[in-house]
Amino acid sequence: MREPNKTATAVKDQPVQTVTPDGASHPAPPAKRRTFLGYLALMGPAFVVGAWQFGPGNLTTAVQAGSRYDYTLVWVIAVSTILMIFFTDMSVRLGIATPTSLITSIKDHLGKWVGVLAGFGVFGITLMFSVGNAVGSGLGLSLVFGGSPVLWTVVCTAAVGFVLAFRNVYGIVEKALLAIVVLMGIAFIASTVVAQPDWYRSMEGMVPTLPPGSEILIVALVGTNFSINAAFYTSYGIKENRRTRADYRDITLVDTIPGIVAPGIMTALVIMVSAAVLGQTGGEATSIGALASIFAPLAGPVGSMLFALGLSGAAFSSMIANATAGGTMLSDALGRGAKAGSPTARIFTGVILAFGLVITISFQASPVGLIVIAQSLTVLIAPLLGVLLFVMSNKAAVMGGLRNKWWQNLFATIGLIAIIASSLRLITTLLG
């Protein structure tokens with residue numbers, strides 16, 4: 001009887017070696033064979049990021065992009081989505097590889113002041129996003145139920161505060177946002193069917209162009225779709241769910257990629273629908289009425305209701321994720337706990353919600369313009385967070401076998417160039 005090939009058998013049976021932060025080599029845990037429900041259980045952290053990313057600021061800037069510049073800015077969403085996947089993946093691997101939370105690891109390896117600066121930077125971004133979330137929640141709910149947008153902003157803020165008061169905060173947030181993302185996807189796909197955009201021209205919009213006067217809007221689109229602060233938070237979701245190296249490949253396939261692609265697709269659909277509807281009349285979505293009537297020319301009250309429901313879902317989901325992330329990471333930066341349910345995290349979460357509410361009540365004259373400006377300003381802090389993700393994911397002592405590969409560094413470099421260029425463009429535009 002012929003003997004099996006011992007060399008091939010040995011190679012096949014030999015466990016893959018991984019390197020731990022102490023430099024020692026250990027066998028990697030065997031890959032898990034999962035059931036369908038097992039794969040579904042891995043979904044969560046990236047969808048939280050996607051829900052945070054696809055907020056009312058994202059929706060508002062997408063509407064303006066389509067109504068002002070037709071299909072020509074679809075390429076911004078495509079490029080931002082690809083880059084967002086790579087930065088989210090870096091955060092996922094950091095969440096798996098580091099023994100502590102991301103900001104704590106940054107303080108350990110790059111200096112305490114760097115970690116504290118990152119925490120305050122993220123907190124500043126979440127304050128800006130809270131404005132768009134508060135404005136959008138009031139607009140959306142007032143369109144659905146009638147009444148004052150400011151009153152509905154107060155109601156929605158109180159509802160989010162109630163949700164975040166539960167003990168298992170992150171688990172509840174994750175499940176709620178998964179459901180909301182699915183419902184929003186259905187709403188915006190239905191809106192696209194109603195509007196019947198020009199698919200050929202939307203494909204032409206994949207070719208990068210810079211229409212005159214679109215600079216600030218492009219920066220706002222980058223700030224909402226290539227949201228490095230949201231990617232930064234992914235590692236905390238990975239820690240909350242206690243993911244391991246054996247989970248990494250499956251996480252990428254069922255969570256990271258679909259969780260980031262979903263809001264990208266929805267944003268592109270909003271641009272195409274607004275181009276199809278508002279582009280026909282030459283109108284611009286610069287007022288509450290224009291936003292509400294985006295679908296009305298083709299679908300009447302039903303179309304307006306679809307938009308209102310989408311805006312409400314985007315605002316509510318983003319408000320929850322934004323406040324949770326900002327409070328958690330600032331608490332971590334100050335050494336007061338890296339869990340969403342820690343007392344300090346809850347206090348800072350309340351501050352974020354209150355800030356959005358106060359600014360919304362104080363500046364009611366131009367809510368849409370306020371959203372666009374707030375989203376644009378987030379780009380100023382994003383380069384720091386992007387550099388930290390890049391540096392940490394390249395540290396062999398931290399990452400071991402999950403360290404960045406050359407092609408991951410290539411896309412990360414492109415992403416850093418894009419976000420730094422957006423920041424410089426915003427600064428020069430504001431100064432000019």
# chains A, B, ... in the order shown; residues from 1 in each chain; ligands from 1
>>> residues_around(residues="segment 142-152 of chain A", least_positions_apart="3", cutoff="9 Å", atoms="only C-alpha atoms", output="PyMOL selection string")
chain A and resi 134-139+155-157+292+304-305+307-309+312+357+360-361+364
>>> residues_around(residues="segment 326-339 of chain A", least_positions_apart="3", cutoff="8 Å", atoms="only C-alpha atoms", output="NGL selection string")
:A and (101 or 103-104 or 115-120 or 122-123 or 126 or 233 or 236 or 240 or 322-323 or 342 or 344-350 or 352)
>>> residues_around(residues="Pro212 of chain A", least_positions_apart="6", cutoff="12 Å", atoms="only C-alpha atoms", output="PyMOL selection string")
chain A and resi 68-69+72-73+218
>>> closest_residue(among="A:Gly400, A:Gly310, A:Gly386, A:Gly341", to="Val173 of chain A", atoms="only C-alpha atoms")
A:Gly341
>>> atom_distance(atom1="atom CA of Leu426 of chain A", atom2="atom CA of Glu215 of chain A")
8.0 Å
>>> closest_residue(among="A:Leu94, A:Met266, A:Ala231, A:Ala165", to="Ile106 of chain A", atoms="only C-alpha atoms")
A:Leu94
>>> closest_residue(among="A:Thr61, A:Ser67, A:Ser393, A:Gln408", to="Val92 of chain A", atoms="only C-alpha atoms")
A:Ser393
>>> residues_around(residues="Val49 of chain A", least_positions_apart="3", cutoff="7 Å", atoms="only C-alpha atoms", output="ChimeraX atom specification")
/A:45-46,52-53,230-231,234
>>> write_last_selection(atoms="N, CA, C and O atoms", output="PDB file, in the first residue's frame")
ATOM      1  N   PRO A  45     -20.403  45.470  14.881  1.00  0.00           N
ATOM      2  CA  PRO A  45     -19.547  46.656  15.022  1.00  0.00           C
ATOM      3  C   PRO A  45     -19.488  47.551  13.795  1.00  0.00           C
ATOM      4  O   PRO A  45     -19.618  48.778  13.914  1.00  0.00           O
ATOM      5  N   ALA A  46     -19.313  46.975  12.600  1.00  0.00           N
ATOM      6  CA  ALA A  46     -19.228  47.809  11.400  1.00  0.00           C
ATOM      7  C   ALA A  46     -20.577  48.416  11.038  1.00  0.00           C
ATOM      8  O   ALA A  46     -20.643  49.497  10.455  1.00  0.00           O
ATOM      9  N   TRP A  52     -23.780  55.257  12.258  1.00  0.00           N
ATOM     10  CA  TRP A  52     -23.230  56.543  12.683  1.00  0.00           C
ATOM     11  C   TRP A  52     -22.854  57.378  11.460  1.00  0.00           C
ATOM     12  O   TRP A  52     -23.141  58.573  11.370  1.00  0.00           O
ATOM     13  N   GLN A  53     -22.237  56.731  10.488  1.00  0.00           N
ATOM     14  CA  GLN A  53     -21.774  57.394   9.271  1.00  0.00           C
ATOM     15  C   GLN A  53     -22.945  57.950   8.465  1.00  0.00           C
ATOM     16  O   GLN A  53     -22.890  59.069   7.960  1.00  0.00           O
ATOM     17  N   ALA A 230     -15.509  57.367  12.936  1.00  0.00           N
ATOM     18  CA  ALA A 230     -16.373  56.193  13.056  1.00  0.00           C
ATOM     19  C   ALA A 230     -15.555  54.911  12.911  1.00  0.00           C
ATOM     20  O   ALA A 230     -15.753  53.949  13.653  1.00  0.00           O
ATOM     21  N   ALA A 231     -14.625  54.910  11.961  1.00  0.00           N
ATOM     22  CA  ALA A 231     -13.743  53.746  11.803  1.00  0.00           C
ATOM     23  C   ALA A 231     -12.935  53.516  13.077  1.00  0.00           C
ATOM     24  O   ALA A 231     -12.730  52.376  13.507  1.00  0.00           O
ATOM     25  N   THR A 234     -14.619  51.401  15.727  1.00  0.00           N
ATOM     26  CA  THR A 234     -14.899  49.989  15.460  1.00  0.00           C
ATOM     27  C   THR A 234     -14.167  49.071  16.428  1.00  0.00           C
ATOM     28  O   THR A 234     -14.697  48.038  16.847  1.00  0.00           O
TER      29      THR A 234
END
